[in-house]
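Asker: File structure_14.cif below, mmCIF, C-alpha atoms and all ligand atoms:
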```cif
data_coords
loop_
_atom_site.group_PDB
_atom_site.id
_atom_site.type_symbol
_atom_site.label_atom_id
_atom_site.label_comp_id
_atom_site.auth_asym_id
_atom_site.auth_seq_id
_atom_site.Cartn_x
_atom_site.Cartn_y
_atom_site.Cartn_z
ATOM 1 C CA MET S 20 6.066 0.695 17.712
ATOM 2 C CA GLN S 21 2.943 1.397 19.714
ATOM 3 C CA MET S 22 5.112 1.779 22.788
ATOM 4 C CA PHE S 23 7.143 4.362 20.898
ATOM 5 C CA GLN S 24 4.047 6.245 19.741
ATOM 6 C CA CYS S 25 2.661 6.301 23.261
ATOM 7 C CA SER S 26 5.934 7.594 24.575
ATOM 8 C CA LEU S 27 5.415 10.721 22.455
ATOM 9 C CA LEU S 28 2.182 11.435 24.330
ATOM 10 C CA SER S 29 3.503 10.592 27.757
ATOM 11 C CA PRO S 30 5.631 13.685 28.469
ATOM 12 C CA PHE S 31 2.612 15.942 27.864
ATOM 13 C CA LEU S 32 0.492 13.985 30.290
ATOM 14 C CA SER S 33 3.298 13.894 32.808
ATOM 15 C CA TYR S 34 3.779 17.629 32.504
ATOM 16 C CA SER S 35 0.029 18.273 32.891
ATOM 17 C CA LEU S 36 -0.023 16.261 36.086
ATOM 18 C CA TYR S 37 3.000 18.199 37.254
ATOM 19 C CA LEU S 38 1.290 21.557 36.480
ATOM 20 C CA TYR S 39 -1.773 20.545 38.455
ATOM 21 C CA ASN S 40 0.540 19.446 41.204
ATOM 22 C CA ILE S 41 -0.924 15.961 41.458
ATOM 23 C CA GLU S 42 1.489 14.471 43.895
ATOM 24 C CA TYR S 43 1.732 10.862 42.987
ATOM 25 C CA PRO S 44 3.479 8.642 43.916
ATOM 26 C CA MET S 45 5.132 10.899 46.514
ATOM 27 C CA PRO S 46 4.844 14.484 47.819
ATOM 28 C CA LEU S 47 6.834 17.057 45.867
ATOM 29 C CA PRO S 48 9.486 19.038 47.688
ATOM 30 C CA ASN S 49 8.481 22.698 47.132
ATOM 31 C CA SER S 50 11.705 24.203 48.318
ATOM 32 C CA GLY S 51 15.144 23.320 49.499
ATOM 33 C CA ARG S 52 18.151 21.598 48.102
ATOM 34 C CA TYR S 53 16.325 18.625 46.560
ATOM 35 C CA MET S 54 13.417 20.543 45.004
ATOM 36 C CA TRP S 55 14.485 20.166 41.315
ATOM 37 C CA ARG S 56 15.853 16.688 41.741
ATOM 38 C CA GLY S 57 12.565 15.632 43.355
ATOM 39 C CA ARG S 58 10.526 17.163 40.559
ATOM 40 C CA LEU S 59 12.645 15.495 37.921
ATOM 41 C CA VAL S 60 12.143 12.106 39.579
ATOM 42 C CA PHE S 61 8.410 12.845 39.696
ATOM 43 C CA VAL S 62 8.215 13.606 35.973
ATOM 44 C CA ILE S 63 10.246 10.486 35.069
ATOM 45 C CA LEU S 64 8.006 8.267 37.212
ATOM 46 C CA GLN S 65 4.884 9.782 35.685
ATOM 47 C CA TYR S 66 6.369 9.275 32.233
ATOM 48 C CA ILE S 67 6.882 5.555 32.827
ATOM 49 C CA HIS S 68 3.488 5.269 34.477
ATOM 50 C CA THR S 69 1.524 6.899 31.616
ATOM 51 C CA LEU S 70 3.537 4.971 29.057
ATOM 52 C CA ILE S 71 2.434 1.663 30.593
ATOM 53 C CA ILE S 72 -1.221 2.776 30.814
ATOM 54 C CA LEU S 73 -1.335 4.112 27.257
ATOM 55 C CA ASP S 74 0.267 1.021 25.817
ATOM 56 C CA PHE S 75 -2.354 -1.079 27.564
ATOM 57 C CA LEU S 76 -5.130 1.097 26.120
ATOM 58 C CA VAL S 77 -3.809 0.786 22.560
ATOM 59 C CA GLU S 78 -3.907 -3.004 22.867
ATOM 60 C CA TYR S 79 -7.372 -2.967 24.414
ATOM 61 C CA GLU S 80 -9.688 -2.765 21.410
ATOM 62 C CA GLY S 81 -12.843 -1.962 23.373
ATOM 63 C CA CYS S 82 -11.484 1.406 24.496
ATOM 64 C CA LYS S 83 -13.198 3.685 21.978
ATOM 65 C CA TRP S 84 -12.446 7.073 23.511
ATOM 66 C CA TYR S 85 -8.760 6.352 23.466
ATOM 67 C CA LYS S 86 -8.951 4.977 19.925
ATOM 68 C CA LYS S 87 -10.314 8.354 18.830
ATOM 69 C CA ILE S 88 -7.449 10.294 20.363
ATOM 70 C CA TYR S 89 -5.017 7.687 19.171
ATOM 71 C CA SER S 90 -6.240 7.857 15.551
ATOM 72 C CA VAL S 91 -5.606 11.620 15.500
ATOM 73 C CA THR S 92 -2.085 11.266 16.794
ATOM 74 C CA GLN S 93 -1.503 8.258 14.575
ATOM 75 C CA GLN S 94 -2.257 10.231 11.412
ATOM 76 C CA GLN S 95 0.513 12.625 12.300
ATOM 77 C CA MET S 96 3.042 9.922 12.990
ATOM 78 C CA LYS S 97 5.047 7.979 10.516
ATOM 79 C CA LYS S 98 3.703 4.490 10.007
ATOM 80 C CA ASP S 99 5.962 1.546 10.613
ATOM 81 C CA ILE S 100 6.252 0.305 7.026
ATOM 82 C CA ASP S 101 8.423 -2.687 7.950
ATOM 83 C CA SER S 102 5.810 -3.889 10.360
ATOM 84 C CA ILE S 103 2.928 -3.282 7.912
ATOM 85 C CA ILE S 104 4.724 -5.217 5.154
ATOM 86 C CA GLY S 105 5.474 -8.053 7.592
ATOM 87 C CA LYS S 106 1.800 -8.268 8.564
ATOM 88 C CA LEU S 107 0.663 -8.140 4.932
ATOM 89 C CA LYS S 108 3.055 -11.019 4.198
ATOM 90 C CA GLY S 109 1.559 -12.879 7.150
ATOM 91 C CA MET S 110 -1.832 -12.688 5.415
ATOM 92 C CA HIS S 111 -0.904 -13.011 1.738
ATOM 93 C CA GLY S 112 2.527 -14.666 1.575
ATOM 94 C CA GLN S 113 5.372 -13.276 -0.528
ATOM 95 C CA PRO S 114 4.579 -10.266 -2.788
ATOM 96 C CA ARG S 115 3.426 -11.534 -6.162
ATOM 97 C CA CYS S 116 1.573 -10.596 -9.308
ATOM 98 C CA GLU S 117 -1.205 -13.029 -10.211
ATOM 99 C CA LEU S 118 -0.773 -12.594 -13.969
ATOM 100 C CA ASN S 119 1.320 -15.296 -15.679
ATOM 101 C CA PHE S 120 4.206 -14.115 -17.885
ATOM 102 C CA SER S 121 7.735 -15.161 -18.761
ATOM 103 C CA ASN S 122 9.104 -12.009 -20.436
ATOM 104 C CA PRO S 123 8.374 -8.230 -20.562
ATOM 105 C CA LEU S 124 6.311 -8.452 -23.783
ATOM 106 C CA GLU S 125 4.032 -11.120 -22.300
ATOM 107 C CA LEU S 126 3.495 -8.934 -19.256
ATOM 108 C CA VAL S 127 2.593 -5.946 -21.476
ATOM 109 C CA VAL S 128 -0.065 -8.033 -23.245
ATOM 110 C CA ALA S 129 -1.363 -9.557 -19.988
ATOM 111 C CA VAL S 130 -1.653 -6.103 -18.387
ATOM 112 C CA VAL S 131 -3.643 -4.745 -21.358
ATOM 113 C CA LEU S 132 -5.951 -7.772 -21.232
ATOM 114 C CA SER S 133 -6.461 -7.471 -17.469
ATOM 115 C CA ALA S 134 -8.475 -4.234 -17.755
ATOM 116 C CA GLN S 135 -12.017 -5.011 -16.542
ATOM 117 C CA CYS S 136 -11.144 -8.713 -16.394
ATOM 118 C CA THR S 137 -9.978 -11.114 -13.666
ATOM 119 C CA ASP S 138 -6.356 -12.265 -13.650
ATOM 120 C CA GLU S 139 -7.608 -15.843 -13.653
ATOM 121 C CA ARG S 140 -9.435 -15.388 -16.965
ATOM 122 C CA VAL S 141 -6.495 -13.491 -18.473
ATOM 123 C CA ASN S 142 -4.210 -16.398 -17.550
ATOM 124 C CA ARG S 143 -6.536 -18.877 -19.253
ATOM 125 C CA VAL S 144 -6.455 -16.792 -22.446
ATOM 126 C CA THR S 145 -2.732 -16.039 -22.439
ATOM 127 C CA GLU S 146 -1.819 -19.717 -22.016
ATOM 128 C CA GLY S 147 -2.549 -20.282 -25.707
ATOM 129 C CA LEU S 148 -1.975 -16.693 -26.856
ATOM 130 C CA PHE S 149 1.688 -16.595 -25.800
ATOM 131 C CA LYS S 150 2.384 -19.792 -27.751
ATOM 132 C CA LYS S 151 0.893 -18.278 -30.897
ATOM 133 C CA TYR S 152 2.276 -14.712 -30.602
ATOM 134 C CA ARG S 153 5.911 -14.661 -29.513
ATOM 135 C CA THR S 154 7.287 -11.354 -30.836
ATOM 136 C CA LEU S 155 6.199 -7.755 -31.350
ATOM 137 C CA LYS S 156 6.054 -8.487 -35.100
ATOM 138 C CA ASP S 157 3.578 -11.333 -34.511
ATOM 139 C CA TYR S 158 1.152 -8.846 -32.942
ATOM 140 C CA ILE S 159 1.805 -6.151 -35.558
ATOM 141 C CA ASP S 160 1.272 -8.558 -38.477
ATOM 142 C CA ALA S 161 -1.763 -10.294 -37.010
ATOM 143 C CA ALA S 162 -5.081 -9.707 -38.733
ATOM 144 C CA PRO S 163 -7.164 -7.570 -36.320
ATOM 145 C CA GLU S 164 -10.134 -9.975 -36.486
ATOM 146 C CA GLU S 165 -7.945 -12.947 -35.648
ATOM 147 C CA LEU S 166 -6.322 -11.260 -32.642
ATOM 148 C CA GLU S 167 -9.745 -10.064 -31.487
ATOM 149 C CA GLU S 168 -11.037 -13.625 -31.594
ATOM 150 C CA ASP S 169 -7.995 -14.922 -29.701
ATOM 151 C CA ILE S 170 -8.557 -12.510 -26.789
ATOM 152 C CA ARG S 171 -12.357 -12.358 -26.915
ATOM 153 C CA PRO S 172 -13.010 -13.989 -23.464
ATOM 154 C CA THR S 173 -11.264 -11.075 -21.707
ATOM 155 C CA GLY S 174 -13.977 -8.603 -22.816
ATOM 156 C CA PHE S 175 -13.614 -5.295 -24.698
ATOM 157 C CA TYR S 176 -11.633 -7.391 -27.172
ATOM 158 C CA ARG S 177 -11.814 -4.944 -30.123
ATOM 159 C CA ASN S 178 -10.273 -2.086 -28.128
ATOM 160 C CA LYS S 179 -7.763 -4.396 -26.481
ATOM 161 C CA ALA S 180 -6.641 -5.887 -29.817
ATOM 162 C CA LYS S 181 -6.225 -2.401 -31.279
ATOM 163 C CA SER S 182 -4.305 -1.264 -28.204
ATOM 164 C CA ILE S 183 -1.952 -4.291 -28.264
ATOM 165 C CA LYS S 184 -1.170 -3.731 -31.968
ATOM 166 C CA ASN S 185 -0.533 0.017 -31.401
ATOM 167 C CA ILE S 186 1.691 -0.603 -28.380
ATOM 168 C CA ALA S 187 3.682 -3.250 -30.284
ATOM 169 C CA ALA S 188 4.173 -0.811 -33.191
ATOM 170 C CA GLU S 189 5.235 2.052 -30.910
ATOM 171 C CA ILE S 190 7.703 -0.099 -28.974
ATOM 172 C CA THR S 191 9.187 -1.234 -32.283
ATOM 173 C CA GLN S 192 9.510 2.289 -33.673
ATOM 174 C CA ARG S 193 10.438 4.339 -30.614
ATOM 175 C CA PHE S 194 12.303 1.826 -28.461
ATOM 176 C CA LYS S 195 14.082 -0.320 -31.055
ATOM 177 C CA GLY S 196 11.865 -3.303 -30.383
ATOM 178 C CA LYS S 197 12.609 -3.533 -26.656
ATOM 179 C CA VAL S 198 9.967 -3.036 -23.980
ATOM 180 C CA PRO S 199 11.294 0.060 -22.169
ATOM 181 C CA ASP S 200 12.739 -0.367 -18.682
ATOM 182 C CA ASP S 201 12.202 3.296 -17.814
ATOM 183 C CA ILE S 202 8.841 4.071 -16.183
ATOM 184 C CA ASP S 203 8.611 7.708 -17.316
ATOM 185 C CA ALA S 204 9.494 6.842 -20.922
ATOM 186 C CA PHE S 205 7.161 3.856 -21.042
ATOM 187 C CA ALA S 206 4.250 5.854 -19.600
ATOM 188 C CA THR S 207 4.344 8.047 -22.738
ATOM 189 C CA VAL S 208 3.370 5.078 -24.959
ATOM 190 C CA LYS S 209 -0.261 5.379 -26.051
ATOM 191 C CA GLY S 210 -2.348 2.780 -24.238
ATOM 192 C CA ILE S 211 0.149 2.431 -21.373
ATOM 193 C CA GLY S 212 -0.763 4.608 -18.403
ATOM 194 C CA ARG S 213 1.429 5.341 -15.435
ATOM 195 C CA LYS S 214 -0.020 2.410 -13.469
ATOM 196 C CA SER S 215 0.771 -0.089 -16.239
ATOM 197 C CA ALA S 216 4.240 1.401 -16.824
ATOM 198 C CA ASN S 217 5.048 1.027 -13.117
ATOM 199 C CA MET S 218 3.702 -2.499 -13.032
ATOM 200 C CA ILE S 219 5.503 -3.724 -16.164
ATOM 201 C CA VAL S 220 8.858 -2.110 -15.401
ATOM 202 C CA GLY S 221 8.631 -3.049 -11.698
ATOM 203 C CA LEU S 222 7.858 -6.705 -12.338
ATOM 204 C CA ALA S 223 9.562 -7.444 -15.665
ATOM 205 C CA TYR S 224 12.804 -5.642 -14.815
ATOM 206 C CA ASN S 225 12.711 -5.933 -11.044
ATOM 207 C CA LYS S 226 12.903 -2.156 -10.571
ATOM 208 C CA PRO S 227 11.361 -0.164 -7.693
ATOM 209 C CA ALA S 228 7.829 0.848 -8.737
ATOM 210 C CA VAL S 229 4.708 2.189 -7.041
ATOM 211 C CA ILE S 230 1.748 0.535 -8.766
ATOM 212 C CA VAL S 231 -1.343 2.610 -7.992
ATOM 213 C CA ASP S 232 -4.582 0.863 -8.939
ATOM 214 C CA THR S 233 -8.036 1.127 -7.320
ATOM 215 C CA HIS S 234 -7.043 -1.286 -4.532
ATOM 216 C CA MET S 235 -3.996 0.838 -3.712
ATOM 217 C CA ILE S 236 -6.072 4.028 -3.630
ATOM 218 C CA ARG S 237 -8.657 2.530 -1.281
ATOM 219 C CA VAL S 238 -6.404 0.510 1.061
ATOM 220 C CA LEU S 239 -3.664 3.140 1.441
ATOM 221 C CA ASN S 240 -6.305 5.742 2.329
ATOM 222 C CA ARG S 241 -7.886 3.416 4.872
ATOM 223 C CA ILE S 242 -4.571 2.578 6.497
ATOM 224 C CA GLY S 243 -3.579 6.243 6.476
ATOM 225 C CA LEU S 244 -0.497 6.054 4.265
ATOM 226 C CA THR S 245 -1.998 8.755 2.054
ATOM 227 C CA LYS S 246 -4.846 11.231 2.140
ATOM 228 C CA ASN S 247 -4.989 11.567 -1.637
ATOM 229 C CA GLU S 248 -7.224 9.953 -4.247
ATOM 230 C CA ASP S 249 -5.178 11.039 -7.255
ATOM 231 C CA PRO S 250 -2.841 8.173 -8.360
ATOM 232 C CA GLU S 251 0.085 10.471 -9.168
ATOM 233 C CA LYS S 252 -0.134 12.196 -5.768
ATOM 234 C CA ILE S 253 -0.352 8.785 -4.064
ATOM 235 C CA GLU S 254 2.743 7.670 -5.947
ATOM 236 C CA LEU S 255 4.581 10.735 -4.627
ATOM 237 C CA ASP S 256 3.297 10.180 -1.064
ATOM 238 C CA ILE S 257 4.601 6.617 -1.066
ATOM 239 C CA LYS S 258 7.910 7.668 -2.590
ATOM 240 C CA LYS S 259 8.331 10.228 0.201
ATOM 241 C CA THR S 260 7.521 7.912 3.107
ATOM 242 C CA VAL S 261 8.529 4.409 2.006
ATOM 243 C CA PRO S 262 12.114 3.300 1.288
ATOM 244 C CA GLU S 263 12.655 2.651 -2.438
ATOM 245 C CA ALA S 264 13.487 -1.018 -1.913
ATOM 246 C CA MET S 265 9.982 -1.592 -0.550
ATOM 247 C CA TRP S 266 7.893 0.191 -3.230
ATOM 248 C CA THR S 267 7.130 -2.832 -5.408
ATOM 249 C CA ALA S 268 6.592 -5.259 -2.519
ATOM 250 C CA LEU S 269 4.262 -2.835 -0.739
ATOM 251 C CA SER S 270 2.277 -2.253 -3.954
ATOM 252 C CA LEU S 271 1.843 -5.958 -4.712
ATOM 253 C CA LEU S 272 0.884 -6.809 -1.128
ATOM 254 C CA VAL S 273 -1.590 -3.934 -0.858
ATOM 255 C CA ILE S 274 -3.205 -4.995 -4.154
ATOM 256 C CA LEU S 275 -3.584 -8.564 -2.825
ATOM 257 C CA HIS S 276 -4.931 -7.177 0.443
ATOM 258 C CA GLY S 277 -7.504 -5.055 -1.383
ATOM 259 C CA ARG S 278 -8.540 -8.035 -3.476
ATOM 260 C CA TYR S 279 -8.966 -10.567 -0.669
ATOM 261 C CA ILE S 280 -9.472 -8.799 2.681
ATOM 262 C CA CYS S 281 -9.745 -4.998 2.527
ATOM 263 C CA LYS S 282 -12.529 -5.214 -0.048
ATOM 264 C CA ALA S 283 -14.269 -2.113 -1.356
ATOM 265 C CA LYS S 284 -17.718 -2.761 0.106
ATOM 266 C CA LYS S 285 -16.995 -4.859 3.173
ATOM 267 C CA PRO S 286 -13.443 -4.912 4.478
ATOM 268 C CA GLU S 287 -12.908 -7.947 6.711
ATOM 269 C CA CYS S 288 -11.258 -5.932 9.482
ATOM 270 C CA PRO S 289 -11.525 -8.394 12.386
ATOM 271 C CA LYS S 290 -9.264 -10.885 10.618
ATOM 272 C CA CYS S 291 -6.871 -8.222 9.289
ATOM 273 C CA LEU S 292 -3.400 -8.232 10.881
ATOM 274 C CA VAL S 293 -2.848 -4.582 9.918
ATOM 275 C CA LYS S 294 -5.747 -3.276 11.999
ATOM 276 C CA ASN S 295 -3.642 -1.773 14.775
ATOM 277 C CA ASP S 296 -1.781 0.288 12.128
ATOM 278 C CA CYS S 297 -4.969 1.273 10.321
ATOM 279 C CA ASP S 298 -6.752 4.622 10.674
ATOM 280 C CA TYR S 299 -10.016 3.158 9.407
ATOM 281 C CA TRP S 300 -10.027 0.567 12.203
ATOM 282 C CA SER S 301 -8.649 2.771 14.938
ATOM 283 C CA GLY S 302 -11.177 5.453 13.947
ATOM 284 C CA GLY S 303 -13.850 3.110 15.227
ATOM 285 C CA LYS S 304 -15.089 1.615 11.938
ATOM 286 C CA ARG S 305 -16.382 -1.931 12.319
ATOM 287 C CA ASP S 306 -17.847 -3.051 9.025
ATOM 288 C CA VAL S 307 -17.992 -6.792 9.570
HETATM 289 S S1 LIG S 401 -8.266 -3.004 9.332
HETATM 290 FE FE1 LIG S 401 -9.915 -3.109 7.822
HETATM 291 S S2 LIG S 401 -9.788 -1.161 6.704
HETATM 292 FE FE2 LIG S 401 -7.851 -1.432 7.778
HETATM 293 S S3 LIG S 401 -6.493 -2.423 6.290
HETATM 294 FE FE3 LIG S 401 -7.437 -4.044 7.515
HETATM 295 S S4 LIG S 401 -9.256 -4.676 6.359
HETATM 296 FE FE4 LIG S 401 -8.595 -2.672 5.552
#
```
What does the file become when written as C-alpha cells?
Answerer:
Amino acid sequence: MQMFQCSLLSPFLSYSLYLYNIEYPMPLPNSGRYMWRGRLVFVILQYIHTLIILDFLVEYEGCKWYKKIYSVTQQQMKKDIDSIIGKLKGMHGQPRCELNFSNPLELVVAVVLSAQCTDERVNRVTEGLFKKYRTLKDYIDAAPEELEEDIRPTGFYRNKAKSIKNIAAEITQRFKGKVPDDIDAFATVKGIGRKSANMIVGLAYNKPAVIVDTHMIRVLNRIGLTKNEDPEKIELDIKKTVPEAMWTALSLLVILHGRYICKAKKPECPKCLVKNDCDYWSGGKRDV
C-alpha cells in the first residue's frame, strides 16, 4: 500500500528532475533519432529510483520532514481498509461486543444499561436480570421501584428503568412485540438513538451497521477516516468509503481500539499496529 501511495508522488519528482535537466544516471540526448526514447528511459529510471527512496522514507520513522509531506498526501488518499481491519484484528482479535446477550431484547436492555457504565458491570447485573425478565411484558408489568432496584448498580437507575419500560411498551405497540431489524425505524423509538439502533440491529440481526460512539469519533478522526465530529456525518463518511460488509466489524474493532489502546488522553501509539496508516502518528504526534 505504501509502495502504491509513493508511486503517486514519484512521477512528479521524476518530472521535476527532468525539467531541471538533472542528468542521472546518464546524459540525455538533446537531439537526434533517440532523443524521445532516451528521455522516456530517463523518466522511467527516475520513477523507479524515487519510488525506492520514498518507500524507504515511509518505513523510516525518524524522518520527520517526510512524515509531514506524507501526512498531507495521505489525507487525500483512500485508506486501505482491509489492511487497517487486519491490523486491528492483530491487536484485539475477532470483532466483538463486550456486552453479554442471547437475543435482541436482552441486547436492547444491556445497551440502555451501558450508558455511563462499564460493560463488565452491566454484565454482572444482567446475569440475574435476564433470568427474571424474559419478555417485553415482564418489563412493562414490573413495578418501577423493583426494576430500579434490580438495575441499581449500573447508575442512573431511575432514568434507565423508565427508559426500558417505555422502549418495551413502544416496541409492543408499534412493532408488534418484535425488536425492529430496521435501523432507521428503530432509531425513531424514544430512548433509542441512532448509535444504539445501529448497534442492536447490527449485532442482534447480523446486519451491516456503523456504530458511532465516542471511541469511533476520536479514533476515526485520529486515523484520518473522517474529518467530522458529528456522528451522523461520520456514519455517512464510513458508508461512502468502507464496503458495507465491513461496517460492523470496523465499528466493533475501532471501539475496542479506543477502549484499550487509542485512549482519549494518552493513546499508546508506539505499540499500535495501525500507526503507519494513522494521520495522528504520521503528523508527528508522539504522546507516549
Ligand atoms: S497510532 Fe496512536 S493515534 Fe493512531 S490509531 Fe494508533 S494509538 Fe491511535
Asker: When you look at Leu255 in chain S with a cut-off of 12 Å (counting only C-alpha atoms), what residues show up, excluding the ones that are within fewer than 3 positions of it in the same chain? I need them as an MDAnalysis selection string.
Answerer: chainID S and resid 228:231 244:252 258:261 263 266
Asker: Ligand LIG 401 (chain S): which residues are within 8 Å, counting all atoms listed in the file? Reply as a PDB file with C-alpha atoms, in the frame of the given file.
Answerer:
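Final file, result24.pdb:
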```
ATOM      1  CA  VAL S 238      -6.404   0.510   1.061  1.00  0.00           C
ATOM      2  CA  LEU S 239      -3.664   3.140   1.441  1.00  0.00           C
ATOM      3  CA  ARG S 241      -7.886   3.416   4.872  1.00  0.00           C
ATOM      4  CA  ILE S 242      -4.571   2.578   6.497  1.00  0.00           C
ATOM      5  CA  HIS S 276      -4.931  -7.177   0.443  1.00  0.00           C
ATOM      6  CA  GLY S 277      -7.504  -5.055  -1.383  1.00  0.00           C
ATOM      7  CA  ILE S 280      -9.472  -8.799   2.681  1.00  0.00           C
ATOM      8  CA  CYS S 281      -9.745  -4.998   2.527  1.00  0.00           C
ATOM      9  CA  LYS S 282     -12.529  -5.214  -0.048  1.00  0.00           C
ATOM     10  CA  PRO S 286     -13.443  -4.912   4.478  1.00  0.00           C
ATOM     11  CA  GLU S 287     -12.908  -7.947   6.711  1.00  0.00           C
ATOM     12  CA  CYS S 288     -11.258  -5.932   9.482  1.00  0.00           C
ATOM     13  CA  PRO S 289     -11.525  -8.394  12.386  1.00  0.00           C
ATOM     14  CA  LYS S 290      -9.264 -10.885  10.618  1.00  0.00           C
ATOM     15  CA  CYS S 291      -6.871  -8.222   9.289  1.00  0.00           C
ATOM     16  CA  LEU S 292      -3.400  -8.232  10.881  1.00  0.00           C
ATOM     17  CA  VAL S 293      -2.848  -4.582   9.918  1.00  0.00           C
ATOM     18  CA  LYS S 294      -5.747  -3.276  11.999  1.00  0.00           C
ATOM     19  CA  ASN S 295      -3.642  -1.773  14.775  1.00  0.00           C
ATOM     20  CA  ASP S 296      -1.781   0.288  12.128  1.00  0.00           C
ATOM     21  CA  CYS S 297      -4.969   1.273  10.321  1.00  0.00           C
ATOM     22  CA  ASP S 298      -6.752   4.622  10.674  1.00  0.00           C
ATOM     23  CA  TYR S 299     -10.016   3.158   9.407  1.00  0.00           C
ATOM     24  CA  TRP S 300     -10.027   0.567  12.203  1.00  0.00           C
ATOM     25  CA  LYS S 304     -15.089   1.615  11.938  1.00  0.00           C
ATOM     26  CA  ARG S 305     -16.382  -1.931  12.319  1.00  0.00           C
TER      27      ARG S 305
END
```
Asker: Using the chain letters and numbers from this file, what does the PyMOL selection byres (((chain S and resi 97-109) around 7) and not hetatm) select? Give the answer as a list in words.
Answerer: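 Selected by the PyMOL selection byres (((chain S and resi 97-109) around 7) and not hetatm) here: Gln95, Met96, Met110, His111, Gly112, Gln113, Val261, Leu269, Leu272, Leu292 and Val293 of chain S.
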Asker: At a cut-off of 9 Å, using only C-alpha atoms, what residues contact Glu167 in chain S? Leave out same-chain residues fewer than 4 positions from it and give the result as a list in words.
Answerer: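 Here the qualifying residues turn out to be Ala162, Pro163, Arg171, Tyr176, Arg177, Asn178, Lys179, Ala180 and Lys181 of chain S.
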Asker: So what do you get for CA of Gly221 in chain S versus CA of Leu124 in chain S, distance-wise?
Answerer: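 Atom-to-atom, CA of Gly221 in chain S to CA of Leu124 in chain S, that is 13.4 Å.
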Asker: Which polymer residues have any atom within 7 Å of an atom of range 190-205 of chain S, counting only C-alpha atoms, with same-chain residues fewer than 5 positions away left out, as a list in words?
Answerer: Pro123, Leu124, Ala216, Asn217, Val220 and Tyr224 of chain S
Asker: Mind telling me what the PyMOL selection byres (((chain S and resi 186) around 8) and not hetatm) catches here, as an mmCIF file with C-alpha atoms, keeping the file's coordinate frame?
Answerer:
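Result written to expr.cif:
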```cif
data_model
loop_
_atom_site.group_PDB
_atom_site.id
_atom_site.type_symbol
_atom_site.label_atom_id
_atom_site.label_comp_id
_atom_site.auth_asym_id
_atom_site.auth_seq_id
_atom_site.Cartn_x
_atom_site.Cartn_y
_atom_site.Cartn_z
ATOM 1 C CA SER S 182 -4.305 -1.264 -28.204
ATOM 2 C CA ILE S 183 -1.952 -4.291 -28.264
ATOM 3 C CA LYS S 184 -1.170 -3.731 -31.968
ATOM 4 C CA ASN S 185 -0.533 0.017 -31.401
ATOM 5 C CA ALA S 187 3.682 -3.250 -30.284
ATOM 6 C CA ALA S 188 4.173 -0.811 -33.191
ATOM 7 C CA GLU S 189 5.235 2.052 -30.910
ATOM 8 C CA ILE S 190 7.703 -0.099 -28.974
ATOM 9 C CA VAL S 208 3.370 5.078 -24.959
ATOM 10 C CA LYS S 209 -0.261 5.379 -26.051
ATOM 11 C CA GLY S 210 -2.348 2.780 -24.238
ATOM 12 C CA ILE S 211 0.149 2.431 -21.373
#
```
Asker: In Å, how far is it from CA of Arg153 in chain S to CA of Ser133 in chain S?
Answerer: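 Here the two named atoms are 18.7 Å from each other.
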Asker: Using only C-alpha atoms, pick whichever of S:Asp232, S:Asp169, S:Asp138, S:Asp256 has the shortest atom-to-atom distance to Phe120 in chain S.
Answerer: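 For Phe120 in chain S, the nearest of the candidates is S:Asp138.
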Asker: For a test of reading the model, state the distance in Å between CA of Leu126 in chain S and CA of Thr173 in chain S, rounded to one decimal.
Answerer: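 Taking CA of Leu126 in chain S as the start and CA of Thr173 in chain S as the end point, the length is 15.1 Å.
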Asker: Take the PyMOL selection byres (((chain S and resi 142) around 12) and not hetatm), apply it to the structure above, and return the hits as a list in words.
Answerer: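 What the PyMOL selection byres (((chain S and resi 142) around 12) and not hetatm) grabs from the file is Cys116, Glu117, Leu118, Asn119, Phe120, Glu125, Leu126, Val128, Ala129, Val130, Leu132, Ser133, Cys136, Thr137, Asp138, Glu139, Arg140, Val141, Arg143, Val144, Thr145, Glu146, Gly147, Leu148, Phe149, Ile170, Pro172 and Thr173 of chain S.
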Asker: Measuring between all atoms listed in the file, which one of S:Lys285, S:Lys151, S:Arg58, S:Lys226 shows the shortest distance to Met265 in chain S?
Answerer: S:Lys226
Asker: Give the answer as one residue: which of S:Lys284, S:Arg237, S:His68, S:Arg115 has the shortest atom-to-atom distance to Ala268 in chain S, using all atoms listed in the file?
Answerer: S:Arg115
